[in-house]
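Enquirer: Just one file: final.cif, with mmCIF, C-alpha atoms.
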data_target
#
loop_
_atom_site.label_atom_id
_atom_site.label_comp_id
_atom_site.auth_asym_id
_atom_site.auth_seq_id
_atom_site.Cartn_x
_atom_site.Cartn_y
_atom_site.Cartn_z
CA MET A 1 45.90 49.84 -46.62
CA THR A 2 49.17 49.82 -44.69
CA ASP A 3 51.14 49.44 -47.97
CA THR A 4 49.51 52.57 -49.32
CA LEU A 5 50.05 54.41 -46.06
CA SER A 6 53.75 53.56 -46.04
CA GLU A 7 54.15 55.75 -49.13
CA LYS A 8 52.55 58.78 -47.46
CA THR A 9 54.60 61.64 -46.01
CA ASP A 10 54.85 62.13 -42.27
CA ALA A 11 52.56 65.18 -42.51
CA GLN A 12 49.92 63.15 -44.36
CA LEU A 13 50.10 60.34 -41.78
CA ILE A 14 49.79 62.82 -38.93
CA GLU A 15 46.68 64.32 -40.50
CA ALA A 16 45.20 60.86 -41.04
CA PHE A 17 45.92 59.93 -37.41
CA LYS A 18 44.31 63.14 -36.18
CA ALA A 19 41.25 62.21 -38.23
CA GLY A 20 41.09 58.93 -36.28
CA SER A 21 43.07 56.48 -38.43
CA MET A 22 44.75 53.78 -36.33
CA ALA A 23 46.32 52.46 -39.54
CA ALA A 24 48.14 55.80 -39.86
CA MET A 25 49.38 55.41 -36.29
CA GLU A 26 50.70 51.95 -37.19
CA ALA A 27 52.41 53.31 -40.31
CA ILE A 28 54.23 55.95 -38.23
CA VAL A 29 55.32 53.27 -35.75
CA ASN A 30 56.57 51.03 -38.56
CA ARG A 31 58.53 53.92 -40.04
CA TYR A 32 60.39 54.89 -36.84
CA GLU A 33 60.31 52.04 -34.33
CA ASP A 34 63.64 50.46 -35.40
CA ARG A 35 65.51 53.74 -34.87
CA ILE A 36 63.84 54.50 -31.52
CA PHE A 37 64.39 50.91 -30.36
CA THR A 38 68.06 51.04 -31.39
CA PHE A 39 68.48 54.36 -29.59
CA GLY A 40 66.91 53.01 -26.39
CA LEU A 41 69.06 49.91 -26.58
CA LYS A 42 72.30 51.85 -27.15
CA MET A 43 71.42 54.17 -24.29
CA CYS A 44 70.40 51.53 -21.75
CA GLY A 45 71.84 48.24 -23.00
CA GLN A 46 68.83 46.26 -21.88
CA LEU A 47 65.86 44.99 -23.86
CA GLN A 48 63.26 45.85 -21.23
CA ASP A 49 64.50 49.44 -20.95
CA ALA A 50 64.58 49.85 -24.73
CA GLU A 51 61.01 48.57 -24.91
CA ASP A 52 59.90 50.97 -22.15
CA ILE A 53 61.55 53.92 -23.90
CA MET A 54 60.00 53.01 -27.25
CA GLN A 55 56.57 52.66 -25.66
CA GLU A 56 56.81 55.94 -23.76
CA THR A 57 58.08 57.74 -26.85
CA PHE A 58 55.26 56.67 -29.15
CA LEU A 59 52.57 56.97 -26.50
CA ASN A 60 53.57 60.56 -25.69
CA ALA A 61 54.04 61.42 -29.35
CA PHE A 62 50.52 60.32 -30.27
CA ARG A 63 49.00 61.86 -27.16
CA TYR A 64 50.52 65.25 -27.87
CA LEU A 65 50.50 65.20 -31.64
CA ASP A 66 48.11 68.15 -31.65
CA GLY A 67 50.90 70.30 -30.23
CA PHE A 68 53.45 69.11 -32.78
CA ARG A 69 54.67 71.94 -35.00
CA GLN A 70 55.07 70.81 -38.59
CA GLU A 71 58.19 72.91 -39.11
CA THR A 72 60.03 70.41 -36.91
CA LYS A 73 60.72 67.03 -38.50
CA LEU A 74 58.70 64.21 -36.93
CA ARG A 75 61.89 62.15 -36.57
CA ASN A 76 63.59 64.94 -34.57
CA TRP A 77 60.54 65.36 -32.37
CA LEU A 78 60.41 61.61 -31.65
CA PHE A 79 64.08 61.63 -30.67
CA LYS A 80 63.47 64.60 -28.39
CA ILE A 81 60.79 62.61 -26.58
CA ALA A 82 62.99 59.47 -26.56
CA SER A 83 65.95 61.44 -25.13
CA SER A 84 63.75 62.78 -22.32
CA ALA A 85 62.53 59.23 -21.65
CA CYS A 86 66.15 58.03 -21.40
CA ILE A 87 67.05 60.84 -18.98
CA LYS A 88 63.97 60.09 -16.89
CA LYS A 89 64.73 56.38 -16.80
CA ARG A 90 68.30 57.03 -15.74
CA ARG A 91 67.14 59.27 -12.88
CA LYS A 92 64.88 56.49 -11.68
CA LYS A 93 67.59 53.84 -11.86
CA LYS A 94 70.61 55.93 -10.89
CA CYS A 95 72.85 53.07 -11.85
CA GLU A 96 74.75 54.45 -14.80
CA PRO A 97 78.21 56.01 -14.61
CA ASP A 98 78.75 59.77 -14.41
CA HIS A 99 82.32 59.24 -15.53
CA GLU A 100 84.03 57.12 -18.14
CA LEU A 101 84.65 53.54 -17.10
CA SER A 102 87.61 51.43 -18.09
CA LEU A 103 86.49 48.79 -20.58
CA ASP A 104 88.42 46.20 -18.58
CA ALA A 105 86.38 47.01 -15.51
CA PHE A 106 83.11 47.57 -17.31
CA PRO A 107 80.52 44.93 -16.59
CA GLY A 108 79.50 44.76 -20.26
CA ASN A 109 80.14 41.07 -19.98
CA GLY A 110 77.04 41.06 -17.78
CA LYS A 111 75.71 37.91 -19.35
CA ASN A 112 72.40 38.09 -17.55
CA THR A 113 71.44 41.67 -18.25
CA THR A 114 72.75 42.83 -21.63
CA TYR A 115 70.51 42.12 -24.59
CA GLN A 116 72.39 40.64 -27.52
CA ILE A 117 70.75 41.50 -30.82
CA PRO A 118 70.52 38.48 -33.08
CA ASP A 119 72.59 38.64 -36.27
CA TRP A 120 70.51 37.54 -39.26
CA SER A 121 73.38 37.34 -41.79
CA ASN A 122 73.64 34.21 -43.92
CA ASP A 123 77.42 34.49 -44.22
CA PRO A 124 78.92 32.79 -41.13
CA SER A 125 82.39 34.41 -41.31
CA SER A 126 81.13 37.95 -41.80
CA ALA A 127 78.45 37.35 -39.18
CA VAL A 128 81.09 36.38 -36.63
CA MET A 129 83.25 39.41 -37.45
CA ARG A 130 80.34 41.84 -37.44
CA GLY A 131 78.98 40.34 -34.24
CA GLU A 132 82.38 40.71 -32.58
CA MET A 133 82.84 44.32 -33.70
CA LYS A 134 79.29 45.16 -32.67
CA GLN A 135 79.78 43.70 -29.22
CA ILE A 136 83.03 45.63 -28.68
CA MET A 137 81.44 48.85 -29.89
CA ASP A 138 78.30 48.36 -27.79
CA THR A 139 80.41 47.70 -24.69
CA ALA A 140 82.51 50.80 -25.33
CA ILE A 141 79.43 52.97 -25.87
CA GLN A 142 77.84 51.62 -22.71
CA ALA A 143 80.93 52.71 -20.77
CA LEU A 144 80.43 56.36 -21.74
CA PRO A 145 78.94 58.81 -19.22
CA HIS A 146 75.22 59.33 -19.88
CA LYS A 147 75.44 62.90 -21.24
CA ASN A 148 78.24 62.04 -23.67
CA LYS A 149 76.47 58.84 -24.67
CA LEU A 150 73.30 60.77 -25.56
CA VAL A 151 75.23 63.14 -27.81
CA PHE A 152 77.31 60.36 -29.38
CA ASN A 153 74.22 58.28 -30.17
CA LEU A 154 72.40 61.19 -31.76
CA ARG A 155 75.40 62.45 -33.76
CA ASP A 156 77.41 59.41 -34.80
CA ILE A 157 74.79 56.67 -34.76
CA GLU A 158 71.58 58.45 -35.74
CA GLY A 159 73.36 60.98 -37.96
CA PHE A 160 71.75 64.17 -36.65
CA SER A 161 73.71 67.38 -37.26
CA THR A 162 75.34 69.26 -34.39
CA LYS A 163 72.56 71.89 -34.51
CA GLU A 164 69.80 69.26 -34.60
CA THR A 165 71.39 67.41 -31.66
CA ALA A 166 71.56 70.67 -29.70
CA ASP A 167 67.87 71.34 -30.42
CA ILE A 168 66.84 67.80 -29.48
CA LEU A 169 68.67 67.94 -26.14
CA GLY A 170 68.00 71.61 -25.43
CA ILE A 171 71.71 72.41 -25.02
CA SER A 172 74.15 74.67 -26.87
CA VAL A 173 76.03 73.71 -30.03
CA GLU A 174 79.28 74.15 -28.07
CA SER A 175 78.13 71.67 -25.42
CA VAL A 176 77.29 69.15 -28.15
CA LYS A 177 80.79 69.53 -29.60
CA THR A 178 82.48 69.21 -26.22
CA ARG A 179 80.55 66.07 -25.30
CA LEU A 180 81.11 64.55 -28.75
CA HIS A 181 84.86 65.20 -28.55
CA ARG A 182 84.97 63.53 -25.12
CA ALA A 183 83.03 60.50 -26.34
CA ARG A 184 85.18 60.09 -29.45
CA ARG A 185 88.38 60.53 -27.45
CA PHE A 186 87.29 57.76 -25.10
CA LEU A 187 86.29 55.41 -27.92
CA ARG A 188 89.51 56.10 -29.78
CA LYS A 189 91.52 55.37 -26.65
CA ASN A 190 89.84 51.99 -26.58
CA ARG A 191 90.15 51.39 -30.29
CA GLN A 192 92.65 48.53 -30.10
CA GLY A 193 89.79 46.09 -29.66
CA LEU A 194 87.95 47.63 -32.59
CA GLN A 195 90.98 47.42 -34.85
CA GLY A 196 91.67 43.86 -33.82
CA ALA A 197 88.14 42.81 -34.62
CA GLY A 198 87.88 44.92 -37.76
CA THR A 199 91.00 43.82 -39.56
CA ARG A 200 90.82 40.09 -39.20
CA MET B 1 97.99 63.24 -24.87
CA THR B 2 100.09 66.36 -25.32
CA ASP B 3 98.41 69.79 -25.27
CA GLU B 4 99.12 70.26 -28.96
CA PHE B 5 97.65 66.90 -29.87
CA GLU B 6 94.69 67.60 -27.59
CA LYS B 7 94.04 70.86 -29.46
CA ASN B 8 94.39 69.13 -32.81
CA PHE B 9 92.09 66.30 -31.73
CA GLU B 10 89.17 68.70 -31.47
CA LYS B 11 89.99 70.22 -34.85
CA ILE B 12 90.24 66.76 -36.42
CA SER B 13 86.91 65.80 -34.85
CA ASP B 14 85.31 69.02 -36.19
CA TYR B 15 86.95 68.43 -39.59
CA LEU B 16 85.37 64.97 -39.70
CA ASP B 17 81.96 66.58 -39.16
CA GLY B 18 82.50 69.32 -41.75
CA GLU B 19 82.37 71.91 -38.96
CA LEU B 20 85.54 73.80 -39.92
CA ASP B 21 85.60 76.88 -42.15
CA PRO B 22 87.61 76.65 -45.41
CA GLU B 23 90.72 78.15 -43.81
CA GLY B 24 90.46 75.76 -40.85
CA CYS B 25 90.09 72.84 -43.29
CA ARG B 26 93.19 73.83 -45.26
CA GLU B 27 95.16 74.25 -42.04
CA ILE B 28 94.25 70.85 -40.60
CA GLU B 29 94.70 69.10 -43.97
CA ARG B 30 98.20 70.58 -44.21
CA HIS B 31 98.95 69.43 -40.67
CA ILE B 32 97.55 65.93 -41.23
CA SER B 33 99.71 65.49 -44.33
CA GLU B 34 102.79 66.16 -42.20
CA CYS B 35 101.87 64.51 -38.88
CA PRO B 36 101.48 60.70 -38.77
CA LYS B 37 99.96 60.83 -35.27
CA CYS B 38 97.15 63.15 -36.36
CA ARG B 39 96.67 61.19 -39.60
CA ASP B 40 96.25 58.04 -37.52
CA CYS B 41 93.80 59.91 -35.30
CA LEU B 42 91.65 60.98 -38.26
CA GLU B 43 91.66 57.45 -39.69
CA SER B 44 90.65 55.90 -36.38
CA LEU B 45 87.82 58.41 -35.89
CA GLN B 46 86.57 57.74 -39.42
CA LYS B 47 86.66 54.03 -38.69
CA ILE B 48 84.77 54.39 -35.40
CA LYS B 49 82.11 56.49 -37.09
CA ALA B 50 81.71 53.99 -39.93
CA LEU B 51 81.55 51.06 -37.50
CA CYS B 52 78.89 52.80 -35.43
CA ARG B 53 76.70 53.40 -38.45
CA GLU B 54 77.14 49.83 -39.69
CA ALA B 55 76.47 48.24 -36.33
CA SER B 56 73.35 50.22 -35.61
CA GLN B 57 70.71 48.50 -37.71
CA GLU B 58 68.64 46.80 -35.06
CA LYS B 59 65.06 45.63 -34.99
CA PRO B 60 62.81 45.01 -32.00
CA PRO B 61 61.85 41.35 -31.54
CA PRO B 62 58.40 40.58 -33.06
CA GLU B 63 56.74 40.18 -29.65
CA VAL B 64 57.97 43.66 -28.62
CA HIS B 65 56.53 45.18 -31.81
CA LYS B 66 53.23 43.44 -31.18
CA ARG B 67 53.09 44.57 -27.54
CA LEU B 68 53.80 48.16 -28.57
CA LEU B 69 50.97 48.26 -31.10
CA ASN B 70 48.54 46.64 -28.66
CA THR B 71 49.43 49.15 -25.92
CA LEU B 72 49.09 52.10 -28.28
CA ARG B 73 45.74 50.91 -29.65
CA GLU B 74 44.40 50.24 -26.17
CA CYS B 75 45.57 53.55 -24.63
CA LEU B 76 44.73 55.78 -27.57
CA ASN B 77 41.30 54.24 -28.19
CA HIS B 78 40.50 54.51 -24.51
CA GLU B 79 41.63 58.16 -24.31
CA HIS B 80 39.79 59.00 -27.52
CA LYS B 81 36.53 57.66 -26.09
CA ALA B 82 37.00 59.40 -22.71
#
Could I get this structure in the form of structure tokens?

Expert:
Amino acid sequence: MTDTLSEKTDAQLIEAFKAGSMAAMEAIVNRYEDRIFTFGLKMCGQLQDAEDIMQETFLNAFRYLDGFRQETKLRNWLFKIASSACIKKRRKKKCEPDHELSLDAFPGNGKNTTYQIPDWSNDPSSAVMRGEMKQIMDTAIQALPHKNKLVFNLRDIEGFSTKETADILGISVESVKTRLHRARRFLRKNRQGLQGAGTR
Amino acid sequence: MTDEFEKNFEKISDYLDGELDPEGCREIERHISECPKCRDCLESLQKIKALCREASQEKPPPEVHKRLLNTLRECLNHEHKA
């Protein structure tokens, strides 16, 4: 059943869910949960927060699916809900920086709080290199101010266009560009670590 | 960063995203071919972008996936009946 459902379009799955199919709900989750989880993790850096964001995103999406307009892509709509969940979570916690942090000072080495994603590669050398690059990149992204981090995640990690990112966040195209430039400038400034890890 | 480099940085960043018009593209390509600093900037931005895409394939742990489905089934079934 689920195998067959995985071949259906988003619109077909939405219709099936509206008709009461929990299997269709599961198929939608399976299709998008990795991306929403990754987004939550990149935004918050902690497993529990990423899980909360993923749960809130899907719960709200299915609750309000009747109001979903089919001319919007389901993926974009899910990221709109996930972005709102991230903003809401940040307001509650009020612990993230409003300004860029130095990577030297950044507590990304917070061994107790930051969730390290397991690397499933069978090649030990490439696994070590990828793991190292990933850790440096994750730490650098975590050091970005929240607004710039949101834009950077949507544009450079999720691959949304500038216009799509503006629509998802409800801001202007110019604001997206400004925030993206700031994020990239910061990451480039801290690129020595990336180059060191990437060229070995 | 100098003002000129600062100005070019934004153009290079837009160029990377395909956001420049044909004339803007030609202008920045001409500049990049003559300026090692801006060429280095473009290369580093390309590398950062590629690294981000590569390092972003993550999966929730199985217990998280299971908890999510259980919560959704429970909440949605309950709301459907109410």

Enquirer: Would you list which chain A residues are within 9 Å of chain B using all atoms listed in the file, as a PyMOL selection string?

Expert: chain A and resi 20+22+25-26+29-30+33-35+37-39+42+47+50-51+54-55+58-59+62-63+117-118+130-131+133-134+137-138+153+156-159+161-162+177-178+180-181+184-185+187-188+191+194-195+198

Enquirer: Just the number, please: distance in Å from CA of Ala24 in chain A to CA of Leu5 in chain A, one decimal.

Expert: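 Interatomic distance here is 6.6 Å.
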
Enquirer: In Å, how far is it from CA of Glu174 in chain A to CA of Cys25 in chain B?

Expert: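 Those two atoms sit 18.7 Å apart.
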
Enquirer: Mind pulling up the distance from CA of Cys35 in chain B to CA of Phe5 in chain B?

Expert: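 CA of Cys35 in chain B lies 10.2 Å from CA of Phe5 in chain B.
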
Enquirer: Tell me, as a PyMOL selection string, which residues lie within 8 Å of Asn76 in chain A, counting all atoms listed in the file; anything in the same chain fewer than 4 positions away does not count.

Expert: chain A and resi 72+80+164+168

Enquirer: Output C-alpha atoms for every residue in that selection, as a short mmCIF file (atom, residue, chain, number, x, y, z; two decimals), in the frame of the given file.

Expert:
data_model
loop_
_atom_site.label_atom_id
_atom_site.label_comp_id
_atom_site.auth_asym_id
_atom_site.auth_seq_id
_atom_site.Cartn_x
_atom_site.Cartn_y
_atom_site.Cartn_z
CA THR A 72 60.03 70.41 -36.91
CA LYS A 80 63.47 64.60 -28.39
CA GLU A 164 69.80 69.26 -34.60
CA ILE A 168 66.84 67.80 -29.48
#

Enquirer: Run through the PyMOL selection byres ((chain B and resi 32) around 12) on the given coordinates and return the selected residues as a count of residues only.

Expert: 24

Enquirer: For each of A:Cys44, A:Ile14, A:Cys86, A:Leu169, take the minimum atom-to-atom distance to Lys73 in chain A, counting all atoms listed in the file, then give the residue where this is smallest.

Expert: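 Looking at the shortest contact to Lys73 in chain A, the residue is A:Ile14.
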
Enquirer: Go through A:Ile136, A:Asp10, A:Arg69, A:Asp49 and flag the residue nearest Lys93 in chain A, using all atoms listed in the file for the distances.

Expert: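 So, comparing all the options, the nearest one is A:Asp49.
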
Enquirer: For Phe17 in chain A, which residue among A:Leu144, A:Ala183, A:Leu65, A:Ile81 is the nearest when counting all atoms listed in the file?

Expert: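 Between A:Leu144, A:Ala183, A:Leu65, A:Ile81, the residue approaching Phe17 in chain A most closely is A:Leu65.
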
Enquirer: As a CSV table (one decimal), in the frame of the given file, could you write out range 82-96 of chain A once it has been completed with N, CA and C atoms?

Expert:
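Just written: out_2.csv:
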chain,number,residue,atom,x,y,z
A,82,ALA,N,62.2,60.7,-27.0
A,82,ALA,CA,63.0,59.5,-26.6
A,82,ALA,C,64.2,59.9,-25.7
A,83,SER,N,64.8,61.0,-26.0
A,83,SER,CA,66.0,61.4,-25.1
A,83,SER,C,65.5,61.8,-23.7
A,84,SER,N,64.3,62.5,-23.6
A,84,SER,CA,63.8,62.8,-22.3
A,84,SER,C,63.4,61.5,-21.6
A,85,ALA,N,62.9,60.5,-22.3
A,85,ALA,CA,62.5,59.2,-21.6
A,85,ALA,C,63.8,58.6,-21.1
A,86,CYS,N,64.9,58.6,-21.9
A,86,CYS,CA,66.2,58.0,-21.4
A,86,CYS,C,66.7,58.7,-20.1
A,87,ILE,N,66.6,60.1,-20.1
A,87,ILE,CA,67.0,60.8,-19.0
A,87,ILE,C,66.2,60.5,-17.7
A,88,LYS,N,64.9,60.4,-18.0
A,88,LYS,CA,64.0,60.1,-16.9
A,88,LYS,C,64.2,58.7,-16.3
A,89,LYS,N,64.5,57.8,-17.2
A,89,LYS,CA,64.7,56.4,-16.8
A,89,LYS,C,66.0,56.3,-16.0
A,90,ARG,N,67.0,57.0,-16.4
A,90,ARG,CA,68.3,57.0,-15.7
A,90,ARG,C,68.1,57.6,-14.3
A,91,ARG,N,67.4,58.7,-14.2
A,91,ARG,CA,67.1,59.3,-12.9
A,91,ARG,C,66.5,58.3,-11.9
A,92,LYS,N,65.6,57.5,-12.5
A,92,LYS,CA,64.9,56.5,-11.7
A,92,LYS,C,65.8,55.4,-11.2
A,93,LYS,N,66.7,55.0,-12.2
A,93,LYS,CA,67.6,53.8,-11.9
A,93,LYS,C,68.9,54.3,-11.1
A,94,LYS,N,69.4,55.4,-11.5
A,94,LYS,CA,70.6,55.9,-10.9
A,94,LYS,C,71.7,54.9,-10.8
A,95,CYS,N,71.8,54.1,-11.9
A,95,CYS,CA,72.8,53.1,-11.8
A,95,CYS,C,73.9,53.2,-12.9
A,96,GLU,N,73.8,54.3,-13.7
A,96,GLU,CA,74.8,54.4,-14.8
A,96,GLU,C,75.9,55.4,-14.4
